[in-house]
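A.B. asks: Structure supplied as data35.cif; contents: mmCIF, C-alpha atoms.
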```cif
data_model
#
loop_
_atom_site.group_PDB
_atom_site.id
_atom_site.type_symbol
_atom_site.label_atom_id
_atom_site.label_comp_id
_atom_site.auth_asym_id
_atom_site.auth_seq_id
_atom_site.Cartn_x
_atom_site.Cartn_y
_atom_site.Cartn_z
ATOM 1 C CA MET J 1 -5.195 -12.085 -13.922
ATOM 2 C CA ALA J 2 -2.646 -12.508 -11.131
ATOM 3 C CA VAL J 3 1.144 -12.547 -11.524
ATOM 4 C CA ASN J 4 4.017 -12.572 -9.051
ATOM 5 C CA ASN J 5 4.136 -8.817 -8.291
ATOM 6 C CA ASN J 6 2.876 -5.483 -9.572
ATOM 7 C CA ALA J 7 6.087 -4.714 -11.462
ATOM 8 C CA SER J 8 5.457 -7.924 -13.406
ATOM 9 C CA ALA J 9 1.859 -6.849 -14.015
ATOM 10 C CA LEU J 10 3.075 -3.597 -15.551
ATOM 11 C CA LEU J 11 5.845 -5.265 -17.571
ATOM 12 C CA LEU J 12 3.470 -7.885 -18.959
ATOM 13 C CA SER J 13 0.782 -5.328 -19.845
ATOM 14 C CA LEU J 14 3.222 -3.042 -21.639
ATOM 15 C CA SER J 15 4.958 -5.933 -23.426
ATOM 16 C CA ALA J 16 1.718 -7.480 -24.659
ATOM 17 C CA LEU J 17 -0.139 -4.292 -25.606
ATOM 18 C CA CYS J 18 2.390 -1.509 -26.247
ATOM 19 C CA ALA J 19 5.660 -2.991 -27.565
ATOM 20 C CA GLY J 20 7.119 -0.925 -30.405
ATOM 21 C CA ARG J 21 4.734 1.959 -29.774
ATOM 22 C CA GLU J 22 4.535 5.003 -27.496
ATOM 23 C CA VAL J 23 3.219 5.188 -23.950
ATOM 24 C CA VAL J 24 2.439 8.665 -22.607
ATOM 25 C CA ILE J 25 3.054 9.353 -18.907
ATOM 26 C CA SER J 26 3.316 12.435 -16.726
ATOM 27 C CA ARG J 27 6.860 13.346 -15.669
ATOM 28 C CA GLY J 28 5.667 13.367 -12.075
ATOM 29 C CA GLN J 29 4.705 9.682 -12.402
ATOM 30 C CA ALA J 30 7.958 8.336 -13.890
ATOM 31 C CA VAL J 31 8.804 7.099 -10.411
ATOM 32 C CA GLU J 32 10.976 4.496 -8.734
ATOM 33 C CA ILE J 33 9.007 1.686 -7.128
ATOM 34 C CA GLY J 34 10.090 -0.988 -4.641
ATOM 35 C CA GLY J 35 13.478 -2.641 -5.012
ATOM 36 C CA GLY J 36 14.946 0.163 -7.111
ATOM 37 C CA PHE J 37 12.832 -0.561 -10.189
ATOM 38 C CA ARG J 38 12.010 2.562 -12.183
ATOM 39 C CA ILE J 39 8.982 3.064 -14.400
ATOM 40 C CA PRO J 40 11.087 4.299 -17.379
ATOM 41 C CA ASP J 41 13.247 1.164 -17.093
ATOM 42 C CA VAL J 42 10.193 -1.107 -17.037
ATOM 43 C CA LEU J 43 8.858 0.689 -20.097
ATOM 44 C CA GLY J 44 12.158 0.269 -21.897
ATOM 45 C CA GLN J 45 12.338 -3.433 -21.051
ATOM 46 C CA SER J 46 8.842 -3.959 -22.459
ATOM 47 C CA GLY J 47 9.808 -2.526 -25.831
ATOM 48 C CA ALA J 48 7.465 0.435 -25.484
ATOM 49 C CA ARG J 49 8.723 3.987 -26.010
ATOM 50 C CA LEU J 50 8.330 6.430 -23.165
ATOM 51 C CA VAL J 51 6.810 9.841 -23.885
ATOM 52 C CA GLU J 52 6.951 12.138 -20.840
ATOM 53 C CA VAL J 53 4.586 15.100 -20.618
ATOM 54 C CA GLY J 54 4.013 17.982 -18.204
ATOM 55 C CA THR J 55 6.284 18.752 -15.286
ATOM 56 C CA THR J 56 7.147 17.061 -12.012
ATOM 57 C CA ASN J 57 4.333 18.781 -10.125
ATOM 58 C CA ARG J 58 1.818 19.917 -12.768
ATOM 59 C CA THR J 59 0.461 18.046 -15.773
ATOM 60 C CA TYR J 60 -2.694 19.004 -17.682
ATOM 61 C CA ALA J 61 -4.957 17.098 -20.065
ATOM 62 C CA ARG J 62 -3.713 19.350 -22.875
ATOM 63 C CA ASP J 63 -0.184 18.005 -22.300
ATOM 64 C CA TYR J 64 -1.377 14.491 -23.071
ATOM 65 C CA THR J 65 -3.367 15.719 -26.076
ATOM 66 C CA ALA J 66 -0.340 17.446 -27.584
ATOM 67 C CA ALA J 67 1.859 14.360 -27.178
ATOM 68 C CA MET J 68 -0.501 11.764 -28.659
ATOM 69 C CA GLY J 69 -0.275 10.632 -32.258
ATOM 70 C CA GLU J 70 -0.570 7.597 -34.506
ATOM 71 C CA GLU J 71 2.196 5.799 -32.582
ATOM 72 C CA THR J 72 0.478 6.200 -29.212
ATOM 73 C CA ALA J 73 -0.580 2.851 -27.770
ATOM 74 C CA ALA J 74 -1.617 3.950 -24.288
ATOM 75 C CA ILE J 75 -1.733 6.559 -21.580
ATOM 76 C CA LEU J 76 -0.218 5.237 -18.370
ATOM 77 C CA ARG J 77 -1.278 6.685 -15.028
ATOM 78 C CA VAL J 78 0.904 5.672 -12.056
ATOM 79 C CA HIS J 79 -0.487 6.526 -8.636
ATOM 80 C CA ALA J 80 2.030 7.814 -6.089
ATOM 81 C CA SER J 81 1.236 5.151 -3.520
ATOM 82 C CA ASN J 82 4.607 5.278 -1.734
ATOM 83 C CA PHE J 83 5.332 9.022 -1.743
ATOM 84 C CA ARG J 84 3.465 12.302 -1.962
ATOM 85 C CA ILE J 85 3.949 15.611 -3.805
ATOM 86 C CA VAL J 86 2.097 18.444 -2.079
ATOM 87 C CA GLY J 87 1.570 22.130 -2.696
ATOM 88 C CA PHE J 88 1.497 23.579 -6.219
ATOM 89 C CA THR J 89 0.265 20.462 -8.050
ATOM 90 C CA GLU J 90 -2.146 19.564 -10.840
ATOM 91 C CA SER J 91 -3.147 16.356 -12.617
ATOM 92 C CA PRO J 92 -6.093 15.436 -14.867
ATOM 93 C CA ASP J 93 -9.056 13.478 -13.586
ATOM 94 C CA LEU J 94 -8.864 9.812 -14.548
ATOM 95 C CA ARG J 95 -12.183 10.079 -16.429
ATOM 96 C CA ASP J 96 -10.711 12.806 -18.613
ATOM 97 C CA LEU J 97 -7.688 10.648 -19.380
ATOM 98 C CA ALA J 98 -9.936 7.714 -20.274
ATOM 99 C CA ARG J 99 -12.015 9.852 -22.601
ATOM 100 C CA LEU J 100 -8.904 11.268 -24.285
ATOM 101 C CA ALA J 101 -7.293 7.843 -24.709
ATOM 102 C CA HIS J 102 -10.408 6.311 -26.220
ATOM 103 C CA GLU J 103 -11.014 9.246 -28.563
ATOM 104 C CA ARG J 104 -7.503 8.672 -29.948
ATOM 105 C CA GLY J 105 -7.857 4.896 -30.187
ATOM 106 C CA ALA J 106 -5.453 4.291 -27.311
ATOM 107 C CA LEU J 107 -5.692 2.422 -24.019
ATOM 108 C CA LEU J 108 -5.702 3.789 -20.490
ATOM 109 C CA LEU J 109 -3.549 1.712 -18.137
ATOM 110 C CA ASP J 110 -3.945 2.664 -14.482
ATOM 111 C CA ASP J 111 -1.333 1.463 -11.994
ATOM 112 C CA ILE J 112 -2.903 2.244 -8.617
ATOM 113 C CA GLY J 113 -0.184 0.505 -6.614
ATOM 114 C CA SER J 114 -1.550 -0.432 -3.198
ATOM 115 C CA GLY J 115 -4.616 -2.452 -4.208
ATOM 116 C CA CYS J 116 -7.156 -0.627 -2.069
ATOM 117 C CA LEU J 117 -10.672 -2.140 -2.128
ATOM 118 C CA ILE J 118 -12.155 -0.172 0.805
ATOM 119 C CA ASP J 119 -12.544 3.619 0.987
ATOM 120 C CA VAL J 120 -10.063 4.691 3.675
ATOM 121 C CA ARG J 121 -11.791 8.055 4.171
ATOM 122 C CA ARG J 122 -14.295 6.366 6.475
ATOM 123 C CA PHE J 123 -11.408 5.954 8.951
ATOM 124 C CA GLY J 124 -10.257 9.568 8.730
ATOM 125 C CA LEU J 125 -7.457 8.988 6.220
ATOM 126 C CA ALA J 126 -6.734 10.792 2.965
ATOM 127 C CA TYR J 127 -8.374 9.472 -0.192
ATOM 128 C CA GLU J 128 -6.634 6.504 -1.806
ATOM 129 C CA PRO J 129 -7.838 5.348 -5.256
ATOM 130 C CA THR J 130 -9.749 2.082 -5.133
ATOM 131 C CA VAL J 131 -9.858 -0.593 -7.804
ATOM 132 C CA GLN J 132 -13.586 0.081 -8.178
ATOM 133 C CA ASP J 133 -12.983 3.807 -8.769
ATOM 134 C CA SER J 134 -10.411 3.072 -11.459
ATOM 135 C CA ILE J 135 -12.640 0.718 -13.423
ATOM 136 C CA ALA J 136 -15.645 3.036 -13.074
ATOM 137 C CA ALA J 137 -13.562 5.951 -14.416
ATOM 138 C CA GLY J 138 -12.887 4.038 -17.633
ATOM 139 C CA ALA J 139 -9.471 2.411 -17.225
ATOM 140 C CA ASP J 140 -9.008 -0.408 -19.720
ATOM 141 C CA LEU J 141 -6.691 -2.212 -17.321
ATOM 142 C CA THR J 142 -6.118 -1.511 -13.631
ATOM 143 C CA LEU J 143 -2.953 -2.867 -12.047
ATOM 144 C CA PHE J 144 -2.266 -3.233 -8.318
ATOM 145 C CA SER J 145 -0.475 -5.198 -5.633
ATOM 146 C CA GLY J 146 -1.899 -8.190 -3.804
ATOM 147 C CA ASP J 147 -0.200 -7.219 -0.554
ATOM 148 C CA LYS J 148 -0.076 -3.667 0.878
ATOM 149 C CA LEU J 149 -3.685 -2.440 1.388
ATOM 150 C CA LEU J 150 -5.243 -5.505 -0.195
ATOM 151 C CA GLY J 151 -3.577 -7.440 2.601
ATOM 152 C CA GLY J 152 -2.688 -10.711 0.879
ATOM 153 C CA PRO J 153 0.542 -12.269 -0.412
ATOM 154 C CA GLN J 154 2.958 -10.539 -2.750
ATOM 155 C CA ALA J 155 1.225 -10.491 -6.112
ATOM 156 C CA GLY J 156 0.369 -8.293 -9.045
ATOM 157 C CA ILE J 157 -3.272 -8.212 -10.102
ATOM 158 C CA ILE J 158 -4.614 -7.012 -13.443
ATOM 159 C CA VAL J 159 -8.340 -6.382 -13.918
ATOM 160 C CA GLY J 160 -10.192 -4.862 -16.859
ATOM 161 C CA ARG J 161 -11.472 -5.615 -20.327
ATOM 162 C CA ALA J 162 -11.777 -9.344 -20.986
ATOM 163 C CA ALA J 163 -10.245 -9.184 -24.475
ATOM 164 C CA LEU J 164 -7.146 -7.456 -23.115
ATOM 165 C CA ILE J 165 -6.779 -9.893 -20.233
ATOM 166 C CA GLU J 166 -6.947 -12.748 -22.725
ATOM 167 C CA ARG J 167 -4.108 -11.183 -24.744
ATOM 168 C CA LEU J 168 -2.023 -11.018 -21.579
ATOM 169 C CA ARG J 169 -2.733 -14.665 -20.764
ATOM 170 C CA ARG J 170 -1.502 -15.740 -24.217
ATOM 171 C CA HIS J 171 1.702 -13.673 -24.107
ATOM 172 C CA PRO J 172 4.935 -15.720 -23.650
ATOM 173 C CA LEU J 173 5.978 -13.548 -20.685
ATOM 174 C CA ALA J 174 2.880 -14.631 -18.738
ATOM 175 C CA ARG J 175 4.419 -17.985 -17.863
ATOM 176 C CA ALA J 176 7.621 -16.361 -16.624
ATOM 177 C CA VAL J 177 5.779 -14.090 -14.176
ATOM 178 C CA ARG J 178 3.022 -16.423 -13.011
ATOM 179 C CA MET J 179 2.280 -16.970 -9.319
ATOM 180 C CA ASP J 180 3.023 -20.246 -7.572
ATOM 181 C CA LYS J 181 0.304 -22.435 -6.061
ATOM 182 C CA ALA J 182 0.904 -21.295 -2.478
ATOM 183 C CA GLY J 183 0.589 -17.632 -3.494
ATOM 184 C CA ILE J 184 -2.598 -18.320 -5.429
ATOM 185 C CA ALA J 185 -4.092 -20.114 -2.434
ATOM 186 C CA ALA J 186 -3.192 -17.233 -0.108
ATOM 187 C CA LEU J 187 -4.591 -14.638 -2.506
ATOM 188 C CA HIS J 188 -7.792 -16.660 -2.904
ATOM 189 C CA ALA J 189 -8.241 -16.884 0.873
ATOM 190 C CA THR J 190 -7.674 -13.122 1.242
ATOM 191 C CA LEU J 191 -10.165 -12.173 -1.461
ATOM 192 C CA LEU J 192 -12.816 -14.418 0.083
ATOM 193 C CA HIS J 193 -12.756 -12.210 3.190
ATOM 194 C CA TYR J 194 -13.774 -9.253 1.007
ATOM 195 C CA LEU J 195 -16.517 -11.214 -0.718
ATOM 196 C CA ARG J 196 -17.896 -12.302 2.661
ATOM 197 C CA GLY J 197 -17.814 -8.743 4.029
ATOM 198 C CA GLU J 198 -15.367 -9.647 6.792
ATOM 199 C CA ALA J 199 -12.176 -7.943 5.595
ATOM 200 C CA LEU J 200 -12.179 -5.437 8.478
ATOM 201 C CA GLU J 201 -12.039 -8.297 10.968
ATOM 202 C CA LYS J 202 -10.019 -10.935 9.105
ATOM 203 C CA VAL J 203 -7.427 -9.047 7.017
ATOM 204 C CA PRO J 204 -4.702 -7.797 9.405
ATOM 205 C CA VAL J 205 -4.026 -4.438 7.735
ATOM 206 C CA TRP J 206 -7.746 -3.565 7.789
ATOM 207 C CA ARG J 207 -8.178 -4.825 11.336
ATOM 208 C CA MET J 208 -5.391 -2.455 12.382
ATOM 209 C CA ILE J 209 -6.775 0.497 10.405
ATOM 210 C CA SER J 210 -10.365 0.050 11.571
ATOM 211 C CA THR J 211 -9.832 -0.777 15.262
ATOM 212 C CA ALA J 212 -11.629 1.764 17.457
ATOM 213 C CA ILE J 213 -9.472 3.946 19.704
ATOM 214 C CA ILE J 214 -11.487 2.870 22.764
ATOM 215 C CA GLU J 215 -10.513 -0.762 22.141
ATOM 216 C CA ILE J 216 -6.863 0.191 21.668
ATOM 217 C CA GLU J 217 -6.883 2.127 24.955
ATOM 218 C CA ARG J 218 -8.503 -0.788 26.785
ATOM 219 C CA ARG J 219 -5.719 -3.147 25.672
ATOM 220 C CA ALA J 220 -2.971 -0.600 26.381
ATOM 221 C CA ARG J 221 -4.214 -0.176 29.955
ATOM 222 C CA ARG J 222 -4.351 -3.943 30.433
ATOM 223 C CA TRP J 223 -0.754 -4.164 29.210
ATOM 224 C CA ALA J 224 0.306 -1.409 31.628
ATOM 225 C CA ARG J 225 -1.310 -3.189 34.578
ATOM 226 C CA ALA J 226 0.342 -6.480 33.624
ATOM 227 C CA VAL J 227 3.805 -4.936 33.340
ATOM 228 C CA GLY J 228 3.432 -2.658 36.362
ATOM 229 C CA PRO J 229 5.216 0.622 37.182
ATOM 230 C CA PRO J 230 6.747 2.577 35.550
ATOM 231 C CA ALA J 231 4.659 1.488 32.524
ATOM 232 C CA ARG J 232 1.864 3.903 31.583
ATOM 233 C CA VAL J 233 -0.486 4.725 28.707
ATOM 234 C CA VAL J 234 0.173 7.774 26.506
ATOM 235 C CA ASP J 235 -1.310 9.287 23.352
ATOM 236 C CA GLY J 236 0.397 8.542 20.042
ATOM 237 C CA ARG J 237 0.052 8.081 16.286
ATOM 238 C CA SER J 238 0.086 4.894 14.210
ATOM 239 C CA MET J 239 1.825 5.413 10.853
ATOM 240 C CA VAL J 240 -0.072 3.471 8.202
ATOM 241 C CA GLY J 241 3.004 2.987 5.991
ATOM 242 C CA GLY J 242 4.817 4.500 3.020
ATOM 243 C CA GLY J 243 4.006 1.543 0.758
ATOM 244 C CA SER J 244 0.307 2.280 0.998
ATOM 245 C CA LEU J 245 -0.619 5.624 2.571
ATOM 246 C CA PRO J 246 2.494 7.838 2.819
ATOM 247 C CA GLU J 247 2.470 10.427 5.621
ATOM 248 C CA GLU J 248 -0.907 9.157 6.869
ATOM 249 C CA SER J 249 -1.373 8.247 10.516
ATOM 250 C CA LEU J 250 -4.141 7.347 12.946
ATOM 251 C CA PRO J 251 -4.556 8.364 16.602
ATOM 252 C CA THR J 252 -3.664 5.604 19.017
ATOM 253 C CA LYS J 253 -2.836 4.794 22.636
ATOM 254 C CA LEU J 254 0.650 3.530 23.432
ATOM 255 C CA LEU J 255 2.203 1.549 26.234
ATOM 256 C CA ALA J 256 5.167 3.670 27.358
ATOM 257 C CA ILE J 257 8.021 2.428 29.561
ATOM 258 C CA PRO J 258 10.208 5.429 30.480
ATOM 259 C CA GLY J 259 13.874 5.383 31.365
ATOM 260 C CA GLU J 260 17.263 6.854 30.541
ATOM 261 C CA GLY J 261 18.265 6.830 26.871
ATOM 262 C CA ALA J 262 20.936 4.106 26.874
ATOM 263 C CA GLN J 263 18.921 1.925 29.228
ATOM 264 C CA VAL J 264 15.809 2.123 27.061
ATOM 265 C CA SER J 265 17.807 1.358 23.904
ATOM 266 C CA GLN J 266 19.276 -1.719 25.577
ATOM 267 C CA LEU J 267 15.818 -2.804 26.652
ATOM 268 C CA ALA J 268 14.563 -2.453 23.070
ATOM 269 C CA LEU J 269 17.513 -4.536 21.849
ATOM 270 C CA ARG J 270 16.817 -7.326 24.323
ATOM 271 C CA LEU J 271 13.168 -7.427 23.294
ATOM 272 C CA ARG J 272 14.070 -7.566 19.587
ATOM 273 C CA THR J 273 16.450 -10.447 20.116
ATOM 274 C CA GLY J 274 14.224 -12.382 22.507
ATOM 275 C CA GLN J 275 11.835 -15.259 21.902
ATOM 276 C CA PRO J 276 9.384 -14.255 20.642
ATOM 277 C CA ALA J 277 10.993 -11.176 19.105
ATOM 278 C CA LEU J 278 9.218 -7.982 20.156
ATOM 279 C CA VAL J 279 9.863 -4.836 18.091
ATOM 280 C CA ALA J 280 9.196 -1.540 19.876
ATOM 281 C CA ARG J 281 10.178 2.021 19.077
ATOM 282 C CA VAL J 282 12.079 4.456 21.261
ATOM 283 C CA GLU J 283 11.041 8.096 21.519
ATOM 284 C CA HIS J 284 11.898 10.745 24.134
ATOM 285 C CA ASP J 285 13.562 8.295 26.528
ATOM 286 C CA ALA J 286 10.664 5.848 26.497
ATOM 287 C CA LEU J 287 10.019 2.438 24.997
ATOM 288 C CA LEU J 288 6.712 2.522 23.083
ATOM 289 C CA LEU J 289 4.409 -0.318 22.011
ATOM 290 C CA ASP J 290 1.246 0.191 19.949
ATOM 291 C CA PRO J 291 -1.661 -2.240 20.523
ATOM 292 C CA ARG J 292 -3.004 -1.363 17.069
ATOM 293 C CA THR J 293 -0.116 -3.307 15.523
ATOM 294 C CA VAL J 294 -0.512 -6.441 17.639
ATOM 295 C CA ALA J 295 -3.242 -9.021 17.063
ATOM 296 C CA PRO J 296 -5.314 -9.568 20.237
ATOM 297 C CA ALA J 297 -4.443 -13.270 20.122
ATOM 298 C CA GLU J 298 -0.783 -12.298 20.545
ATOM 299 C CA ASP J 299 -1.284 -10.341 23.781
ATOM 300 C CA ARG J 300 -0.267 -13.225 26.056
ATOM 301 C CA ALA J 301 3.002 -13.808 24.173
ATOM 302 C CA LEU J 302 3.732 -10.074 24.153
ATOM 303 C CA LEU J 303 3.154 -9.665 27.869
ATOM 304 C CA GLY J 304 5.255 -12.719 28.629
ATOM 305 C CA ALA J 305 8.157 -11.276 26.653
ATOM 306 C CA LEU J 306 7.742 -7.876 28.326
ATOM 307 C CA ARG J 307 7.611 -9.247 31.848
ATOM 308 C CA ALA J 308 10.644 -11.451 31.245
ATOM 309 C CA VAL J 309 12.763 -8.444 30.294
ATOM 310 C CA VAL J 310 11.138 -5.316 31.722
ATOM 311 C CA VAL J 311 10.272 -6.583 35.189
ATOM 312 C CA ALA J 312 13.650 -8.251 35.642
ATOM 313 C CA GLU J 313 15.981 -5.632 34.160
ATOM 314 C CA GLY J 314 13.860 -2.771 32.896
ATOM 315 C CA PRO J 315 14.284 0.909 33.644
ATOM 316 C CA LYS J 316 13.276 2.242 37.037
ATOM 317 C CA PRO J 317 10.984 5.259 37.626
#
```
Now that the file is in, can you turn its structure into C-alpha cells?

C.D. replies:
Amino acid sequence: MAVNNNASALLLSLSALCAGREVVISRGQAVEIGGGFRIPDVLGQSGARLVEVGTTNRTYARDYTAAMGEETAAILRVHASNFRIVGFTESPDLRDLARLAHERGALLLDDIGSGCLIDVRRFGLAYEPTVQDSIAAGADLTLFSGDKLLGGPQAGIIVGRAALIERLRRHPLARAVRMDKAGIAALHATLLHYLRGEALEKVPVWRMISTAIIEIERRARRWARAVGPPARVVDGRSMVGGGSLPEESLPTKLLAIPGEGAQVSQLALRLRTGQPALVARVEHDALLLDPRTVAPAEDRALLGALRAVVVAEGPKP
C-alpha cells in the first residue's frame, strides 16, 4: 500500500492496528523525523500508548520482554536512517524482535526509513537495511519512503501481511493520506526500473552511487579542458546524504577552480543565480563541482554556464 509519505504510513499503521493499546519502542528510536515530526507525537496522534524501553544507546531483548503485557499491540523498530549513534551501542536483531512479538501475540512494525532495495555494501558503503531483509526477518509490516534511496516521488510504502494491509485499506484515515495520480504514476515508473534490473542506470540516486570512479575522472578532466586554466581535477568525497546514509561518502574526482576567498564566493553566487542555476561548493579557496552529482546529459548545459561566468569573470591563477 502506498500513501503520501512515510509519516503517514506510520500514522495509518498505528491508528488501524494499535489504537488504545501499547506500542513498545527503544528510547534510542523515539526520534524526530523530517519536518519536525517526532515518533512519540505520531504515536500519540494515532491513539496508541508509547512504552519506551532501554536507554538511548543500549537496548536489549530482555528490555522488550519485561515491558510487554496483555495491552501490548506491537513492537516498533525505527531505523536511524537520518542520523547515527556510534560507540557503546547495542540493539536486538530484528529476527529476535519478531520472535518475541509473535510469541506474545503482538505485531512487529519495522520503519526502515530510506526504502533501500539494493545492498549498498557492494559499493563500499555501510550496511543499510533493505525491504527484503526486513520481511525475511519476520516483520509483519515494513514501512519506508518512496523517495530517498528508493529514488521515486515522495511517498510512504507499506508492505507485509495481506490481512494487515487490507485492514489499513479499510481504515477511514487511508483516504486522507492517499497519494495523488501523478505520484502513483511516478512511483510505478520508478519501481519498474527495479523489476527490469535497470535501477543502477535509470534511477538517479543509484546511478550516482554506482558510477565508477574512472568514469567520474574522465568527465572531470573533460570539464577542466573545456573551462581551461586555472581549472583542474582534484580528489574528493561525495556525501551520500543524511536522509539516507548519514556520514557515508564515496571517493570522487572534482573539478576545482581556485581563487581568493571572496572572489570564489562571488563566482559561486553568480553560478547559483544564473540560467541554468549551477550549485557548487566552496572549500579551501576553490570552487568545486562533482561529476557524480550531474547527469551526463546535463554536461553541455553545465559547461555552458561555467564558461559564461568563469571564463569571463572567474578567478585568475

A.B. asks: Pick from J:Leu254, J:Leu109, J:Leu150, J:Val86: nearest to Ala137 (chain J), with all atoms listed in the file counted?

C.D. replies: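 Result for the nearest residue to Ala137 (chain J): J:Leu109.
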
A.B. asks: Compare J:Leu191, J:Pro40, J:Ser13, J:Val310 by their minimum atom-to-atom distance to Thr142 (chain J), counting only C-alpha atoms, and give me the closest one.

C.D. replies: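 Using only C-alpha atoms, the shortest distance to Thr142 (chain J) belongs to J:Ser13.
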
A.B. asks: Would you work out the distance separating CA of Tyr64 (chain J) from CA of Leu12 (chain J), expressed in Å to one decimal?

C.D. replies: 23.3 Å

A.B. asks: Please compute the CA of Val234 (chain J)-CA of Val203 (chain J) distance, one decimal, in Å.

C.D. replies: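 According to the coordinates, CA of Val234 (chain J) and CA of Val203 (chain J) are separated by 26.8 Å.
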
A.B. asks: Which residues, named as in the file, does the PyMOL selection byres ((chain J and resi 210) around 12) pick out? Answer as a JSON list (two decimals) with C-alpha atoms, keeping the file's coordinate frame.

C.D. replies:
```json
[["chain", "number", "residue", "atom", "x", "y", "z"],
["J", 118, "ILE", "CA", -12.16, -0.17, 0.80],
["J", 119, "ASP", "CA", -12.54, 3.62, 0.99],
["J", 120, "VAL", "CA", -10.06, 4.69, 3.68],
["J", 121, "ARG", "CA", -11.79, 8.06, 4.17],
["J", 122, "ARG", "CA", -14.30, 6.37, 6.48],
["J", 123, "PHE", "CA", -11.41, 5.95, 8.95],
["J", 124, "GLY", "CA", -10.26, 9.57, 8.73],
["J", 125, "LEU", "CA", -7.46, 8.99, 6.22],
["J", 198, "GLU", "CA", -15.37, -9.65, 6.79],
["J", 199, "ALA", "CA", -12.18, -7.94, 5.60],
["J", 200, "LEU", "CA", -12.18, -5.44, 8.48],
["J", 201, "GLU", "CA", -12.04, -8.30, 10.97],
["J", 202, "LYS", "CA", -10.02, -10.94, 9.10],
["J", 203, "VAL", "CA", -7.43, -9.05, 7.02],
["J", 204, "PRO", "CA", -4.70, -7.80, 9.40],
["J", 205, "VAL", "CA", -4.03, -4.44, 7.74],
["J", 206, "TRP", "CA", -7.75, -3.56, 7.79],
["J", 207, "ARG", "CA", -8.18, -4.82, 11.34],
["J", 208, "MET", "CA", -5.39, -2.46, 12.38],
["J", 209, "ILE", "CA", -6.78, 0.50, 10.40],
["J", 211, "THR", "CA", -9.83, -0.78, 15.26],
["J", 212, "ALA", "CA", -11.63, 1.76, 17.46],
["J", 213, "ILE", "CA", -9.47, 3.95, 19.70],
["J", 214, "ILE", "CA", -11.49, 2.87, 22.76],
["J", 215, "GLU", "CA", -10.51, -0.76, 22.14],
["J", 216, "ILE", "CA", -6.86, 0.19, 21.67],
["J", 238, "SER", "CA", 0.09, 4.89, 14.21],
["J", 240, "VAL", "CA", -0.07, 3.47, 8.20],
["J", 250, "LEU", "CA", -4.14, 7.35, 12.95],
["J", 251, "PRO", "CA", -4.56, 8.36, 16.60],
["J", 252, "THR", "CA", -3.66, 5.60, 19.02],
["J", 292, "ARG", "CA", -3.00, -1.36, 17.07],
["J", 293, "THR", "CA", -0.12, -3.31, 15.52]]
```

A.B. asks: What is the distance, in Å and to one decimal place, between CA of Ala220 (chain J) and CA of Ala268 (chain J)?

C.D. replies: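 Taking CA of Ala220 (chain J) as the start and CA of Ala268 (chain J) as the end point, the length is 17.9 Å.
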
A.B. asks: Identify which of the residues J:His171, J:Arg222, J:Arg281, J:His193 lies closest to Ala16 (chain J), counting only C-alpha atoms when measuring atom-to-atom distances.

C.D. replies: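 Result for the nearest residue to Ala16 (chain J): J:His171.
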
A.B. asks: Point out the residue among J:Arg62, J:Arg225, J:Arg77, J:Arg169 with the least atom-to-atom distance to Leu17 (chain J), counting all atoms listed in the file.

C.D. replies: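 Of all the options, J:Arg169 lies closest to Leu17 (chain J).
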
A.B. asks: For this file, the PyMOL selection byres ((chain J and resi 176) around 12) selects which residues, as an NGL selection string?

C.D. replies: :J and (3-5 or 8-9 or 11-12 or 169-175 or 177-180)

A.B. asks: Smallest atom-to-atom distance to Asp110 (chain J): which of J:Asp140, J:Glu260, J:Asp41, J:Asp285, using all atoms listed in the file?

C.D. replies: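 Comparing J:Asp140, J:Glu260, J:Asp41, J:Asp285 against Asp110 (chain J), the winner is J:Asp140.
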
A.B. asks: Choose the residue, out of J:Met1, J:Leu100, J:Lys253, J:Gln45, that has the smallest atom-to-atom separation from Ile184 (chain J); count all atoms listed in the file.

C.D. replies: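 Smallest separation from Ile184 (chain J) among the options: J:Met1.
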
A.B. asks: Anything within 10 Å of (14.5, 4.7, 28.7): list those residues as a list in words, counting all atoms listed in the file and sticking to the file's coordinates.

C.D. replies: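 Neighbouring residues, ordered by chain and number, come to Ala256, Ile257, Pro258, Gly259, Glu260, Gly261, Ala262, Gln263, Val264, Ser265, Gln266, Leu267, Ala268, Val282, Glu283, His284, Asp285, Ala286, Leu287, Leu288, Gly314, Pro315, Lys316 and Pro317 of chain J.
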
A.B. asks: Can you translate the PyMOL selection byres ((chain J and resi 54) around 12) into the concrete residues it hits in this file, as a ChimeraX atom specification?

C.D. replies: /J:24-30,51-53,55-67,89-92

A.B. asks: Would you output that residue set with C-alpha atoms, as an mmCIF file, in the coordinates of the input?

C.D. replies:
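Full text of selection_11.cif as output:
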```cif
data_model
loop_
_atom_site.group_PDB
_atom_site.id
_atom_site.type_symbol
_atom_site.label_atom_id
_atom_site.label_comp_id
_atom_site.auth_asym_id
_atom_site.auth_seq_id
_atom_site.Cartn_x
_atom_site.Cartn_y
_atom_site.Cartn_z
ATOM 1 C CA VAL J 24 2.439 8.665 -22.607
ATOM 2 C CA ILE J 25 3.054 9.353 -18.907
ATOM 3 C CA SER J 26 3.316 12.435 -16.726
ATOM 4 C CA ARG J 27 6.860 13.346 -15.669
ATOM 5 C CA GLY J 28 5.667 13.367 -12.075
ATOM 6 C CA GLN J 29 4.705 9.682 -12.402
ATOM 7 C CA ALA J 30 7.958 8.336 -13.890
ATOM 8 C CA VAL J 51 6.810 9.841 -23.885
ATOM 9 C CA GLU J 52 6.951 12.138 -20.840
ATOM 10 C CA VAL J 53 4.586 15.100 -20.618
ATOM 11 C CA THR J 55 6.284 18.752 -15.286
ATOM 12 C CA THR J 56 7.147 17.061 -12.012
ATOM 13 C CA ASN J 57 4.333 18.781 -10.125
ATOM 14 C CA ARG J 58 1.818 19.917 -12.768
ATOM 15 C CA THR J 59 0.461 18.046 -15.773
ATOM 16 C CA TYR J 60 -2.694 19.004 -17.682
ATOM 17 C CA ALA J 61 -4.957 17.098 -20.065
ATOM 18 C CA ARG J 62 -3.713 19.350 -22.875
ATOM 19 C CA ASP J 63 -0.184 18.005 -22.300
ATOM 20 C CA TYR J 64 -1.377 14.491 -23.071
ATOM 21 C CA THR J 65 -3.367 15.719 -26.076
ATOM 22 C CA ALA J 66 -0.340 17.446 -27.584
ATOM 23 C CA ALA J 67 1.859 14.360 -27.178
ATOM 24 C CA THR J 89 0.265 20.462 -8.050
ATOM 25 C CA GLU J 90 -2.146 19.564 -10.840
ATOM 26 C CA SER J 91 -3.147 16.356 -12.617
ATOM 27 C CA PRO J 92 -6.093 15.436 -14.867
#
```
